[in-house]
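Q: Got a structure for you, questions after.
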Amino acid sequence: MRKLIFIISSILISCQNLSIKQADNILEPDFEKYSLVNNSRLEKALKKKNLNLDDIYALAVERTEKLAIEYANLKESEAEKIKAYSLFLPKISLRYQQNLINSNGSGSWIYFYAKQPLFSGLKEIYWFDKINSNIKVKENLLKYKAQRLYLEVAKAYYEALISKENLKSKKTSLDLLESRLTELRRRKKLGRSRQSEVLSASSQIAMLKADIQEENLKNQVNRENLIFLAGLPRDFSLDINISKDAENLAKETLKNNEKVNIENRFDISASKELLQYAETDLKSAYASYLPEISLQGNYNLKGSSSGSSSEKYSLQLNAEMPILYGTETLSNINTAKIRLNKAEFSHSETVRLAQSEIQKAKINLKAALSKEKAYEDAYNAAQKNYEVQNKEYSLGLVTNLDVLSALNDLEAAKIKYHKSKTDILINTIWLKIASGSQIQFE
């Protein structure tokens, strides 16, 4: 009785409204355990004007089709459980039968027919095992895709930030150059500067304006990437938040990665479940050799035979032992073996790809840390050099070309230094996700 109540309850739960809505500013109730984003976090992101990385990710979780598709795949697998319950439940139907040729005479009947499976060669158990494995596969893939979405959003976010900072830096340099050009023209009228210096500064300004146009284009492309990922409005603004502890966070991540358990990765968990699914599928194929037992009953509502009396009801215990079903069973077994072999190869490849990705992420993060220190030194040196060149120019010790060269070096060093800092943040996130760590919000 308890088993029947459990089955009926499970069917009712599975038959709830499974429609999935996307871009309605509301997350499905159980979505938090897959994406770590709940409706409270989503609501806060919707109200903010300046969006940070976590805000954009929360919006992307609700609005991107990527996770909606994976979530629909999960719900589809869960819905398959309803079909599996049919192996335990009776089949009842109303039948009509008309005998056309029969040694006992002709006749017709209308009757209820019922069949209750008792044993199906363990197929029902294996079917449930396969469905549960498939559900776990879909759950792990959904979590894996959510992590990858966070990494994708992080890359787009920091690329948009660095593009915005580069644009700001170039415009500052343009203001300095235009101010210097004005000064050079004044000095030329006084005979203290040459025409070549004015032309050189004009050329630098023209080049810088072209660079600004190119950077502005990059900025628009980066913003478009965020708009696509998170469904943001065209006039969105970013919260410029580059962590000052990026270097310490990166070093801590590298240290923790020395004892990383690769089994924590969701794609590997999904691959293991697929392997389990294939093993169960092979057992199910072998189960076709086992007998099937069922109860079968009829209850006659109307009808009779001209040659014999008609029974009102009947109940039979049926047992069927497979002996020869052509080559179907053998084919199913061989197919299941091949699928298991493919699943083993797939799991091995997934593990090797994960190990390779972790190593690549570690190499990139170490390189980013090394470059950040070098570019910081270069930026400080370029800044000091520009200040000295400016001072010495006012004393007539250096030429205008020396000052322009120092300004160009300063701008280039500043851009590379800012990019190195965002590279550290992106590669830190990459290494964490590659190692199977959970997403951590600020």
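Please note that chains go A, B, ... in the order of the structure tokens, that every chain numbers its residues from 1, and that ligands are numbered from 1 in the order shown.
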If you run DSSP over the backbone, which residues in range 209-278 of chain A end up alpha helix (DSSP H)? Put them as number ranges by chain.
A: A: 209-230, 246-256, 266-278
Q: Produce a table with one row for each residue of range 315-406 of chain A that has an atom at most 12 Å from any atom of range 165-179 of chain A, each row naming the nearest atom pair and its distance in Å at one decimal; use only C-alpha atoms; arrange rows by chain and rising residue number; format as CSV.
A:
```
residue,atom,partner,partner_atom,distance
A:Tyr386,CA,A:Leu176,CA,11.8
A:Asn390,CA,A:Leu176,CA,11.5
A:Asn400,CA,A:Leu177,CA,10.9
A:Leu401,CA,A:Leu177,CA,11.7
A:Val403,CA,A:Leu177,CA,10.0
A:Leu404,CA,A:Leu177,CA,7.9
A:Ser405,CA,A:Leu177,CA,11.3
A:Ala406,CA,A:Ser173,CA,11.3
```
Q: Take the residues just selected and output them with N, CA and C atoms as a PDB file, in the first residue's frame.
A:
```pdb
ATOM      1  N   TYR A 386      57.815  60.661 -17.962  1.00  0.00           N
ATOM      2  CA  TYR A 386      57.006  61.731 -18.554  1.00  0.00           C
ATOM      3  C   TYR A 386      57.078  63.000 -17.702  1.00  0.00           C
ATOM      4  N   ASN A 390      58.711  66.488 -19.065  1.00  0.00           N
ATOM      5  CA  ASN A 390      57.943  67.736 -19.045  1.00  0.00           C
ATOM      6  C   ASN A 390      58.727  68.847 -18.353  1.00  0.00           C
ATOM      7  N   ASN A 400      60.502  68.730 -27.964  1.00  0.00           N
ATOM      8  CA  ASN A 400      59.094  68.342 -27.909  1.00  0.00           C
ATOM      9  C   ASN A 400      58.906  66.875 -28.299  1.00  0.00           C
ATOM     10  N   LEU A 401      59.727  66.401 -29.236  1.00  0.00           N
ATOM     11  CA  LEU A 401      59.637  64.995 -29.642  1.00  0.00           C
ATOM     12  C   LEU A 401      59.913  64.060 -28.472  1.00  0.00           C
ATOM     13  N   VAL A 403      59.212  64.666 -25.368  1.00  0.00           N
ATOM     14  CA  VAL A 403      58.029  64.695 -24.506  1.00  0.00           C
ATOM     15  C   VAL A 403      56.910  63.845 -25.106  1.00  0.00           C
ATOM     16  N   LEU A 404      56.697  63.970 -26.437  1.00  0.00           N
ATOM     17  CA  LEU A 404      55.651  63.182 -27.098  1.00  0.00           C
ATOM     18  C   LEU A 404      55.946  61.691 -27.005  1.00  0.00           C
ATOM     19  N   SER A 405      57.204  61.349 -27.163  1.00  0.00           N
ATOM     20  CA  SER A 405      57.613  59.938 -27.057  1.00  0.00           C
ATOM     21  C   SER A 405      57.346  59.412 -25.645  1.00  0.00           C
ATOM     22  N   ALA A 406      57.645  60.237 -24.645  1.00  0.00           N
ATOM     23  CA  ALA A 406      57.397  59.835 -23.251  1.00  0.00           C
ATOM     24  C   ALA A 406      55.903  59.676 -22.987  1.00  0.00           C
TER      25      ALA A 406
END
```
Q: Just checking: using only C-alpha atoms, which residue out of A:Asn264, A:Gln438, A:Asn364, A:Asn132 ends up closest to Tyr34 in chain A?
A: A:Gln438
Q: Could you pull the residues within 12 Å of Leu353 in chain A, counting only C-alpha atoms, minus those fewer than 2 positions along the same chain, as a PDB file with C-alpha atoms, in the first residue's frame?
A:
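Writing the result to selection_12.pdb gives the following:
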```pdb
ATOM      1  CA  ILE A 262      39.220  16.786 -10.263  1.00  0.00           C
ATOM      2  CA  ARG A 265      34.013  18.983 -11.799  1.00  0.00           C
ATOM      3  CA  ASP A 267      31.322  17.541 -16.464  1.00  0.00           C
ATOM      4  CA  ILE A 268      33.264  14.617 -14.984  1.00  0.00           C
ATOM      5  CA  SER A 346      34.183   9.473 -23.507  1.00  0.00           C
ATOM      6  CA  HIS A 347      34.831   9.469 -19.749  1.00  0.00           C
ATOM      7  CA  SER A 348      38.573   9.013 -20.281  1.00  0.00           C
ATOM      8  CA  GLU A 349      38.634  11.902 -22.762  1.00  0.00           C
ATOM      9  CA  THR A 350      36.621  14.142 -20.402  1.00  0.00           C
ATOM     10  CA  VAL A 351      39.089  13.480 -17.580  1.00  0.00           C
ATOM     11  CA  GLN A 355      43.381  17.878 -16.498  1.00  0.00           C
ATOM     12  CA  SER A 356      44.696  19.745 -19.543  1.00  0.00           C
ATOM     13  CA  GLU A 357      42.387  22.703 -18.918  1.00  0.00           C
ATOM     14  CA  ILE A 358      43.536  22.990 -15.309  1.00  0.00           C
ATOM     15  CA  GLN A 359      47.180  23.044 -16.387  1.00  0.00           C
ATOM     16  CA  LYS A 360      46.462  25.685 -19.058  1.00  0.00           C
ATOM     17  CA  ALA A 434      38.385  24.435 -14.193  1.00  0.00           C
ATOM     18  CA  SER A 435      39.214  22.927 -10.793  1.00  0.00           C
TER      19      SER A 435
END
```
Q: Go through A:Ala114, A:Ala382, A:Leu149, A:Ala154 one by one, measure the shortest atom-to-atom distance of each to Leu315 in chain A using only C-alpha atoms, and give the residue with the smallest value.
A: A:Ala114
Q: Counting only C-alpha atoms, which residue out of A:Glu43, A:Lys33, A:Lys66, A:Leu431 sits closest to Glu258 in chain A?
A: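 Smallest distance to Glu258 in chain A is found for A:Leu431.
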Q: Quick one: of A:Leu410, A:Ile439, A:Ala160, A:Leu184, who's nearest to Ile227 in chain A, counting only C-alpha atoms?
A: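 Comparing A:Leu410, A:Ile439, A:Ala160, A:Leu184 against Ile227 in chain A, the winner is A:Ala160.
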Q: Which residues, written as a ChimeraX atom specification, have at least one atom at most 9 Å from Lys283 in chain A, with only C-alpha atoms counted and residues fewer than 2 positions away on the same chain left out?
A: /A:123,126,278-281,285-287,333,336
Q: Take the residues from that selection and write them out as a compact mmCIF listing (two decimals), in the first residue's frame, keeping C-alpha atoms.
A:
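Written file, again_23.txt:
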```
# COMPACT_ATOMS: atom_id res chain seq x y z
CA LYS A 123 13.75 -4.59 -16.62
CA TYR A 126 17.11 -1.27 -14.64
CA ALA A 278 25.70 2.41 -20.19
CA GLU A 279 26.51 -0.31 -17.65
CA THR A 280 22.85 -0.50 -16.58
CA ASP A 281 21.77 -0.58 -20.22
CA ALA A 285 19.82 -6.16 -22.38
CA TYR A 286 20.87 -9.38 -20.64
CA ALA A 287 17.62 -9.29 -18.62
CA ILE A 333 23.39 -6.98 -26.05
CA ALA A 336 24.84 -2.14 -25.34
```
Q: Tell me which protein, DNA and RNA residues are within 9 Å of Glu247 in chain A, counting only C-alpha atoms, leaving out same-chain ones fewer than 2 positions away, and put them as number ranges by chain.
A: A: 243-245, 249-252, 369, 372, 421, 424-425
Q: Deliver the residues from the most recent selection as a file, using N, CA and C atoms, as a compact mmCIF listing (two decimals), in the first residue's frame.
A:
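Output file again26.txt follows:
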```
# COMPACT_ATOMS: atom_id res chain seq x y z
N SER A 243 39.19 44.43 -8.31
CA SER A 243 39.63 44.14 -6.94
C SER A 243 41.10 44.47 -6.73
N LYS A 244 41.38 45.17 -5.63
CA LYS A 244 42.77 45.48 -5.28
C LYS A 244 43.49 44.26 -4.74
N ASP A 245 42.71 43.25 -4.32
CA ASP A 245 43.30 42.03 -3.77
C ASP A 245 43.43 40.95 -4.84
N LEU A 249 44.39 37.03 -4.21
CA LEU A 249 43.37 36.03 -4.52
C LEU A 249 43.91 35.02 -5.52
N ALA A 250 44.67 35.50 -6.50
CA ALA A 250 45.25 34.61 -7.50
C ALA A 250 46.27 33.66 -6.86
N LYS A 251 47.11 34.18 -6.00
CA LYS A 251 48.12 33.34 -5.33
C LYS A 251 47.46 32.30 -4.43
N GLU A 252 46.38 32.70 -3.76
CA GLU A 252 45.65 31.76 -2.90
C GLU A 252 45.01 30.65 -3.74
N LEU A 369 50.28 36.89 -13.51
CA LEU A 369 50.89 37.47 -12.31
C LEU A 369 52.28 38.03 -12.61
N GLU A 372 51.89 41.20 -14.74
CA GLU A 372 51.32 42.32 -13.98
C GLU A 372 52.41 43.06 -13.22
N LYS A 421 45.98 43.42 -15.01
CA LYS A 421 45.20 43.24 -13.78
C LYS A 421 43.90 42.48 -14.07
N ILE A 424 44.56 38.78 -14.65
CA ILE A 424 44.68 38.03 -13.39
C ILE A 424 43.30 37.61 -12.90
N LEU A 425 42.35 38.53 -12.93
CA LEU A 425 41.00 38.23 -12.44
C LEU A 425 40.33 37.17 -13.30
```
Q: Considering only C-alpha atoms, can you say which of A:Glu392, A:Asp377, A:Asp211, A:Glu159 comes closest to Asn225 in chain A?
A: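 The shortest atom-to-atom distance to Asn225 in chain A comes from A:Glu159.
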Q: Hey, can you check how far CA of Leu36 in chain A sits from CA of Tyr144 in chain A?
A: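 A separation of 11.9 Å between them.
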Q: Could you check which of A:Ser77, A:Asn257, A:Gln440, A:Thr399 is closest to Ser196 in chain A, using only C-alpha atoms?
A: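 Comparing A:Ser77, A:Asn257, A:Gln440, A:Thr399 against Ser196 in chain A, the winner is A:Thr399.
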Q: What lies within 10 Å of Ala58 in chain A using only C-alpha atoms, ignoring chain neighbours under 5 positions off, as a count of residues only?
A: 16
Q: Can you list, as a list in words, all residues belonging to range 125-340 of chain A that DSSP tags as strand (DSSP E or B)?
A: Ser237, Leu238, Glu292, Ile293, Ser294, Leu295, Gln296, Gly297, Asn298, Tyr299, Asn300, Leu301, Lys302, Gly303, Ser304, Ser305, Tyr313, Ser314, Leu315, Gln316, Leu317, Asn318, Ala319 and Glu320 of chain A
Q: Can you pull out the residues contacting range 92-96 of chain A? Cut-off 7 Å, using only C-alpha atoms, and skip same-chain residues under 5 positions away; I want them as a list in words.
A: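 Counting only the stated atoms, we get Trp109, Ile110, Tyr111, Phe112, Tyr113, Ala114 and Lys115 of chain A.
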